[in-house]
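See below for run.txt, which holds compact mmCIF, C-alpha atoms.
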```txt
# COMPACT_ATOMS: atom_id res chain seq x y z
CA GLU A 519 -12.72 -5.53 0.18
CA ALA A 520 -9.84 -4.14 -1.89
CA GLN A 521 -11.17 -1.48 -4.19
CA VAL A 522 -10.67 1.72 -6.11
CA THR A 523 -13.62 4.09 -6.05
CA GLN A 524 -14.36 7.00 -8.36
CA ASN A 525 -16.92 9.77 -8.17
CA PRO A 526 -18.99 10.78 -9.95
CA ARG A 527 -19.66 7.82 -12.23
CA TYR A 528 -21.39 10.00 -14.82
CA LEU A 529 -20.99 13.71 -15.45
CA ILE A 530 -22.34 16.06 -18.08
CA THR A 531 -20.93 19.56 -18.01
CA VAL A 532 -20.33 22.57 -20.23
CA THR A 533 -17.16 23.97 -21.75
CA GLY A 534 -15.04 25.92 -19.30
CA LYS A 535 -16.72 24.86 -16.06
CA LYS A 536 -14.09 23.51 -13.69
CA LEU A 537 -14.63 20.00 -12.40
CA THR A 538 -12.94 17.41 -10.20
CA VAL A 539 -13.20 13.65 -10.40
CA THR A 540 -12.24 11.96 -7.15
CA CYS A 541 -10.38 8.67 -6.80
CA SER A 542 -9.73 6.76 -3.61
CA GLN A 543 -8.10 3.38 -2.86
CA ASN A 544 -8.11 1.33 0.33
CA MET A 545 -5.08 -0.88 -0.36
CA ASN A 546 -2.33 1.47 0.88
CA HIS A 547 -0.83 1.50 -2.63
CA GLU A 548 1.95 3.95 -3.39
CA TYR A 549 1.26 4.16 -7.13
CA MET A 550 -1.91 5.70 -8.56
CA SER A 551 -2.75 6.65 -12.09
CA TRP A 552 -5.40 8.22 -14.33
CA TYR A 553 -6.34 6.99 -17.80
CA ARG A 554 -8.78 7.99 -20.47
CA GLN A 555 -10.33 5.48 -22.84
CA ASP A 556 -11.52 6.45 -26.31
CA PRO A 557 -12.81 4.22 -29.12
CA GLY A 558 -10.00 3.15 -31.42
CA LEU A 559 -7.33 4.70 -29.18
CA GLY A 560 -7.47 2.39 -26.20
CA LEU A 561 -6.44 3.38 -22.70
CA ARG A 562 -3.99 6.29 -22.50
CA GLN A 563 -2.24 7.37 -19.34
CA ILE A 564 -2.87 10.97 -18.29
CA TYR A 565 -0.89 11.33 -15.05
CA TYR A 566 0.55 9.02 -12.46
CA SER A 567 1.84 9.36 -8.92
CA MET A 568 4.55 7.32 -7.25
CA ASN A 569 3.65 8.53 -3.77
CA VAL A 570 2.39 11.52 -1.80
CA GLU A 571 3.46 14.79 -3.43
CA VAL A 572 5.14 12.90 -6.33
CA THR A 573 3.37 13.12 -9.69
CA ASP A 574 4.45 12.81 -13.31
CA LYS A 575 2.95 13.22 -16.77
CA GLY A 576 1.75 10.31 -18.82
CA ASP A 577 1.04 10.29 -22.53
CA VAL A 578 -1.81 12.83 -22.66
CA PRO A 579 -1.51 15.33 -19.75
CA GLU A 580 -2.63 18.49 -21.59
CA GLY A 581 -5.73 20.06 -20.03
CA TYR A 582 -5.54 18.04 -16.82
CA LYS A 583 -4.14 18.55 -13.33
CA VAL A 584 -3.66 16.16 -10.45
CA SER A 585 -2.64 16.33 -6.83
CA ARG A 586 -1.56 13.72 -4.29
CA LYS A 587 -1.84 15.16 -0.79
CA GLU A 588 -2.84 11.88 0.84
CA LYS A 589 -1.77 8.36 -0.04
CA ARG A 590 -5.30 7.07 -0.60
CA ASN A 591 -6.63 9.93 -2.79
CA PHE A 592 -5.68 11.08 -6.28
CA PRO A 593 -8.17 13.58 -7.75
CA LEU A 594 -8.22 14.54 -11.42
CA ILE A 595 -8.92 18.20 -12.11
CA LEU A 596 -10.13 19.71 -15.37
CA GLU A 597 -9.84 23.47 -14.88
CA SER A 598 -11.42 24.45 -18.20
CA PRO A 599 -12.97 21.38 -19.82
CA SER A 600 -13.38 21.23 -23.58
CA PRO A 601 -15.45 18.88 -25.77
CA ASN A 602 -12.34 16.88 -26.75
CA GLN A 603 -12.09 15.79 -23.12
CA THR A 604 -15.35 13.88 -23.45
CA SER A 605 -14.24 10.36 -22.60
CA LEU A 606 -14.36 7.45 -20.19
CA TYR A 607 -11.90 7.97 -17.34
CA PHE A 608 -10.36 5.33 -15.11
CA CYS A 609 -8.33 5.62 -11.96
CA ALA A 610 -5.98 2.78 -10.98
CA SER A 611 -3.60 1.86 -8.19
CA ARG A 612 -0.89 -0.71 -7.50
CA THR A 613 2.10 -1.32 -5.26
CA SER A 614 5.39 0.13 -6.52
CA GLY A 615 7.69 -2.71 -5.63
CA ARG A 616 10.40 -4.05 -7.94
CA ALA A 617 7.91 -6.48 -9.48
CA PRO A 618 5.07 -4.29 -10.78
CA ASP A 619 2.25 -6.64 -9.99
CA THR A 620 -1.50 -6.21 -10.16
CA GLN A 621 -2.95 -2.84 -11.07
CA TYR A 622 -6.50 -2.39 -9.82
CA PHE A 623 -8.89 -0.19 -11.77
CA GLY A 624 -11.86 1.81 -10.60
CA PRO A 625 -15.31 1.49 -12.20
CA GLY A 626 -14.87 4.48 -14.50
CA THR A 627 -16.30 7.99 -14.88
CA ARG A 628 -18.10 8.82 -18.10
CA LEU A 629 -17.61 12.52 -18.81
CA THR A 630 -19.45 14.51 -21.46
CA VAL A 631 -18.40 18.11 -22.12
CA LEU A 632 -20.91 20.09 -24.17
CA GLU M 709 8.75 4.90 -29.24
CA ASP M 710 7.05 2.37 -26.99
CA GLN M 711 4.12 0.74 -28.76
CA VAL M 712 1.59 -2.07 -28.27
CA THR M 713 -0.46 -3.63 -31.07
CA GLN M 714 -3.18 -6.20 -30.56
CA SER M 715 -4.73 -8.51 -33.15
CA PRO M 716 -7.28 -9.33 -34.24
CA GLU M 717 -9.50 -6.36 -33.38
CA ALA M 718 -12.50 -8.65 -33.08
CA LEU M 719 -12.91 -12.41 -32.85
CA ARG M 720 -16.03 -14.56 -32.94
CA LEU M 721 -15.75 -18.13 -31.73
CA GLN M 722 -18.14 -20.98 -31.31
CA GLU M 723 -18.34 -22.31 -27.79
CA GLY M 724 -15.51 -24.84 -27.40
CA GLU M 725 -13.49 -23.47 -30.33
CA SER M 726 -10.00 -22.68 -29.03
CA SER M 727 -7.99 -19.73 -30.35
CA SER M 728 -5.25 -17.20 -29.53
CA LEU M 729 -5.07 -13.44 -29.20
CA ASN M 730 -1.86 -11.64 -30.09
CA CYS M 731 -0.09 -8.69 -28.48
CA SER M 732 3.01 -7.34 -30.24
CA TYR M 733 5.12 -4.79 -28.42
CA THR M 734 8.07 -2.48 -28.90
CA VAL M 735 9.50 -1.08 -25.68
CA SER M 736 12.76 0.34 -24.39
CA GLY M 737 13.29 -2.44 -21.86
CA LEU M 738 10.29 -4.49 -20.76
CA ARG M 739 9.49 -4.18 -17.09
CA GLY M 740 6.25 -6.19 -17.33
CA LEU M 741 3.49 -7.22 -19.72
CA PHE M 742 -0.07 -7.29 -18.46
CA TRP M 743 -3.30 -8.87 -19.67
CA TYR M 744 -6.69 -7.52 -18.61
CA ARG M 745 -10.28 -8.41 -19.29
CA GLN M 746 -12.80 -5.58 -19.71
CA ASP M 747 -16.57 -5.99 -19.75
CA PRO M 748 -18.73 -3.23 -21.28
CA GLY M 749 -19.02 -0.18 -19.03
CA LYS M 750 -16.59 -1.56 -16.43
CA GLY M 751 -12.98 -1.08 -15.46
CA PRO M 752 -10.31 -3.50 -16.68
CA GLU M 753 -9.90 -6.61 -14.54
CA PHE M 754 -6.40 -7.94 -14.03
CA LEU M 755 -5.60 -11.39 -15.48
CA PHE M 756 -1.82 -11.91 -15.72
CA THR M 757 1.57 -10.26 -15.44
CA LEU M 758 4.54 -11.68 -17.39
CA TYR M 759 8.06 -10.44 -16.78
CA SER M 760 10.46 -12.30 -19.08
CA ALA M 761 10.56 -14.22 -22.35
CA GLY M 762 9.55 -17.84 -21.95
CA GLU M 763 7.27 -17.19 -19.01
CA GLU M 764 3.77 -18.70 -19.02
CA LYS M 765 0.80 -18.26 -16.70
CA GLU M 766 -2.57 -20.00 -16.60
CA LYS M 767 -5.97 -19.29 -15.13
CA GLU M 768 -8.93 -21.54 -15.88
CA ARG M 769 -9.33 -21.56 -19.70
CA LEU M 770 -6.74 -18.82 -20.25
CA LYS M 771 -3.01 -19.17 -20.75
CA ALA M 772 -0.64 -16.28 -21.39
CA THR M 773 2.80 -16.66 -22.94
CA LEU M 774 5.61 -14.19 -23.62
CA THR M 775 8.42 -13.91 -26.17
CA LYS M 776 10.84 -11.04 -26.72
CA LYS M 777 8.48 -9.37 -29.20
CA GLU M 778 4.98 -10.59 -28.46
CA SER M 779 2.58 -12.22 -26.07
CA PHE M 780 -0.26 -14.60 -26.73
CA LEU M 781 -3.43 -15.17 -24.76
CA HIS M 782 -4.62 -18.69 -25.52
CA ILE M 783 -8.26 -19.47 -24.84
CA THR M 784 -9.07 -23.15 -24.59
CA ALA M 785 -12.64 -24.37 -25.08
CA PRO M 786 -14.17 -20.92 -24.49
CA LYS M 787 -17.60 -20.41 -22.99
CA PRO M 788 -20.05 -17.54 -23.63
CA GLU M 789 -19.05 -15.95 -20.31
CA ASP M 790 -15.54 -15.46 -21.73
CA SER M 791 -16.99 -12.83 -24.08
CA ALA M 792 -15.26 -9.52 -23.30
CA THR M 793 -12.56 -7.20 -24.57
CA TYR M 794 -9.05 -8.39 -23.72
CA LEU M 795 -6.43 -5.71 -23.23
CA CYS M 796 -2.67 -5.99 -23.30
CA ALA M 797 -0.39 -3.42 -21.66
CA VAL M 798 3.35 -3.02 -21.21
CA LEU M 799 5.35 -1.26 -18.54
CA SER M 800 8.67 0.02 -19.81
CA TRP M 801 11.91 0.83 -17.99
CA ALA M 802 12.20 4.02 -20.06
CA ASN M 803 11.88 7.38 -18.33
CA THR M 804 10.79 6.69 -14.75
CA GLY M 805 9.83 3.10 -15.51
CA ASN M 806 6.26 3.74 -14.47
CA GLN M 807 4.41 4.58 -17.65
CA PHE M 808 1.93 2.04 -19.00
CA TYR M 809 1.15 1.61 -22.70
CA PHE M 810 -2.06 -0.18 -23.66
CA GLY M 811 -3.13 -1.83 -26.88
CA THR M 812 -6.58 -1.12 -28.29
CA GLY M 813 -7.85 -4.56 -27.33
CA THR M 814 -9.42 -7.63 -28.91
CA SER M 815 -13.19 -7.91 -28.64
CA LEU M 816 -14.04 -11.58 -28.15
CA THR M 817 -17.54 -12.97 -28.70
CA VAL M 818 -18.22 -16.61 -27.87
CA ILE M 819 -21.39 -17.94 -29.45
CA PRO M 820 -23.30 -20.73 -27.66
```
Here is the file; what I need is its structure written in the form of structure tokens.
Amino acid sequence: EAQVTQNPRYLITVTGKKLTVTCSQNMNHEYMSWYRQDPGLGLRQIYYSMNVEVTDKGDVPEGYKVSRKEKRNFPLILESPSPNQTSLYFCASRTSGRAPDTQYFGPGTRLTVL
Amino acid sequence: EDQVTQSPEALRLQEGESSSLNCSYTVSGLRGLFWYRQDPGKGPEFLFTLYSAGEEKEKERLKATLTKKESFLHITAPKPEDSATYLCAVLSWANTGNQFYFGTGTSLTVIP
């Protein structure tokens, strides 16, 4: 079954404690992306990756890091989380052909930073 | 600046009452316009991709259309199971051509 998985699904942490949210896809997609979703602001792109070792900033990259060492994995790293990073996070993947077709989303990670 | 605006924010329909959701966009060269459905607590589920003005796509009770400035998601004879938030997103050719911009969504409630 084609899917994007994220872990953990729920996380409560404290300010300044480094954390990593993992994302993995089994569709051999080149393109992967991270979003955060906040009420009234919609989905905003944090970072995206066109392929292994190729990443670029989205709309709201401040306070986040990513890495793409393998094609299937694209972890999101918060080195010093702050309360304003409390949000619902989604990972997504798609092929990067000329016609940007379906983008598959993971189930989401709800993060609370106290 | 690339921008996506959806209206209305919320819509309540009686079962069987057809209507349309609007997505207005401003982008520096449209690479694709996407419609998603999102249920509470879940990730967005892909519905359609439209690439050029005049294009239309259909799936069950849903039909998406595209002009140079906006897209419509038409819902014909909706059922309660169509209740969800519908998201519109655009992919622009600006910069690397790989940055998505989402609207804030239309929350649809279909009453039996």
message: Show me, as a PyMOL selection string, every residue of chain A with an atom at most 10 Å from chain M, counting only C-alpha atoms.
response: chain A and resi 549+551+553+555-568+574-577+606-610+614+616-628
message: Residues within 10 Å of (-3.6, -17.0, -20.6), file coordinates, counting only C-alpha atoms: what are they? Give the list as JSON, numbers by chain.
response: {"M": [728, 729, 743, 755, 756, 757, 764, 765, 766, 767, 768, 769, 770, 771, 772, 773, 779, 780, 781, 782, 783, 784]}
Output C-alpha atoms of each residue in that selection to a file, as a PDB file, in the coordinates of the input.
```pdb
ATOM      1  CA  SER M 728      -5.250 -17.200 -29.530  1.00  0.00           C
ATOM      2  CA  LEU M 729      -5.070 -13.440 -29.200  1.00  0.00           C
ATOM      3  CA  TRP M 743      -3.300  -8.870 -19.670  1.00  0.00           C
ATOM      4  CA  LEU M 755      -5.600 -11.390 -15.480  1.00  0.00           C
ATOM      5  CA  PHE M 756      -1.820 -11.910 -15.720  1.00  0.00           C
ATOM      6  CA  THR M 757       1.570 -10.260 -15.440  1.00  0.00           C
ATOM      7  CA  GLU M 764       3.770 -18.700 -19.020  1.00  0.00           C
ATOM      8  CA  LYS M 765       0.800 -18.260 -16.700  1.00  0.00           C
ATOM      9  CA  GLU M 766      -2.570 -20.000 -16.600  1.00  0.00           C
ATOM     10  CA  LYS M 767      -5.970 -19.290 -15.130  1.00  0.00           C
ATOM     11  CA  GLU M 768      -8.930 -21.540 -15.880  1.00  0.00           C
ATOM     12  CA  ARG M 769      -9.330 -21.560 -19.700  1.00  0.00           C
ATOM     13  CA  LEU M 770      -6.740 -18.820 -20.250  1.00  0.00           C
ATOM     14  CA  LYS M 771      -3.010 -19.170 -20.750  1.00  0.00           C
ATOM     15  CA  ALA M 772      -0.640 -16.280 -21.390  1.00  0.00           C
ATOM     16  CA  THR M 773       2.800 -16.660 -22.940  1.00  0.00           C
ATOM     17  CA  SER M 779       2.580 -12.220 -26.070  1.00  0.00           C
ATOM     18  CA  PHE M 780      -0.260 -14.600 -26.730  1.00  0.00           C
ATOM     19  CA  LEU M 781      -3.430 -15.170 -24.760  1.00  0.00           C
ATOM     20  CA  HIS M 782      -4.620 -18.690 -25.520  1.00  0.00           C
ATOM     21  CA  ILE M 783      -8.260 -19.470 -24.840  1.00  0.00           C
ATOM     22  CA  THR M 784      -9.070 -23.150 -24.590  1.00  0.00           C
TER      23      THR M 784
END
```
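With only C-alpha atoms as the atoms that count, the minimum distance from Arg720 (chain M) to the choices M:Glu763, M:Asp790, M:Glu778, M:Asp747 is reached by M:Asp790.
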- request: Tell me, in Å to one decimal, how far CA of Thr713 (chain M) is from CA of Thr814 (chain M).
  value: 10.0 Å
- request: Excluding Val570 (chain A) and any residue of its chain fewer than 6 positions from it, enumerate the residues within 10 Å of it, using all atoms listed in the file, and give them as an MDAnalysis selection string.
  value: chainID A and resid 548:550 585:592
Mind writing the picked residues with C-alpha atoms as a compact mmCIF listing (two decimals), keeping the file's coordinate frame?
```txt
# COMPACT_ATOMS: atom_id res chain seq x y z
CA GLU A 548 1.95 3.95 -3.39
CA TYR A 549 1.26 4.16 -7.13
CA MET A 550 -1.91 5.70 -8.56
CA SER A 585 -2.64 16.33 -6.83
CA ARG A 586 -1.56 13.72 -4.29
CA LYS A 587 -1.84 15.16 -0.79
CA GLU A 588 -2.84 11.88 0.84
CA LYS A 589 -1.77 8.36 -0.04
CA ARG A 590 -5.30 7.07 -0.60
CA ASN A 591 -6.63 9.93 -2.79
CA PHE A 592 -5.68 11.08 -6.28
```
query: Distance CA of Gln711 (chain M)-CA of Ser760 (chain M), one decimal place?
result: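 About the pair CA of Gln711 (chain M) and CA of Ser760 (chain M): they are 17.4 Å apart.
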Protein, DNA and RNA residues within 10 Å of (-10.9, 16.7, -13.0), all atoms listed in the file, as a ChimeraX atom specification: /A:536-540,581-584,593-599,607,629
field: Å distance separating CA of Asn569 (chain A) from CA of Asn544 (chain A), one decimal place
entry: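 Spanning CA of Asn569 (chain A) to CA of Asn544 (chain A) is a straight-line distance of 14.4 Å.
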query: Which of these residues is nearest to Val522 (chain A), using all atoms listed in the file: A:Ser600, A:Ser542, A:His547, A:Trp552?
result: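 Closest candidate: A:Ser542.
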task: Name all residues at most 7 Å from Ala761 (chain M) (count only C-alpha atoms; drop same-chain ones fewer than 2 positions away) and give them as JSON, numbers by chain.
output: {"M": [763, 774, 775, 776]}
- request: Give me the residues within 10 Å of Asp710 (chain M) as an MDAnalysis selection string, counting all atoms listed in the file and dropping any in the same chain fewer than 2 places off.
  value: chainID M and resid 712 733:738 798:800 802 807:809
Pull C-alpha atoms from the residues just selected and write them as a compact mmCIF listing (two decimals), keeping the file's coordinate frame.
```txt
# COMPACT_ATOMS: atom_id res chain seq x y z
CA VAL M 712 1.59 -2.07 -28.27
CA TYR M 733 5.12 -4.79 -28.42
CA THR M 734 8.07 -2.48 -28.90
CA VAL M 735 9.50 -1.08 -25.68
CA SER M 736 12.76 0.34 -24.39
CA GLY M 737 13.29 -2.44 -21.86
CA LEU M 738 10.29 -4.49 -20.76
CA VAL M 798 3.35 -3.02 -21.21
CA LEU M 799 5.35 -1.26 -18.54
CA SER M 800 8.67 0.02 -19.81
CA ALA M 802 12.20 4.02 -20.06
CA GLN M 807 4.41 4.58 -17.65
CA PHE M 808 1.93 2.04 -19.00
CA TYR M 809 1.15 1.61 -22.70
```
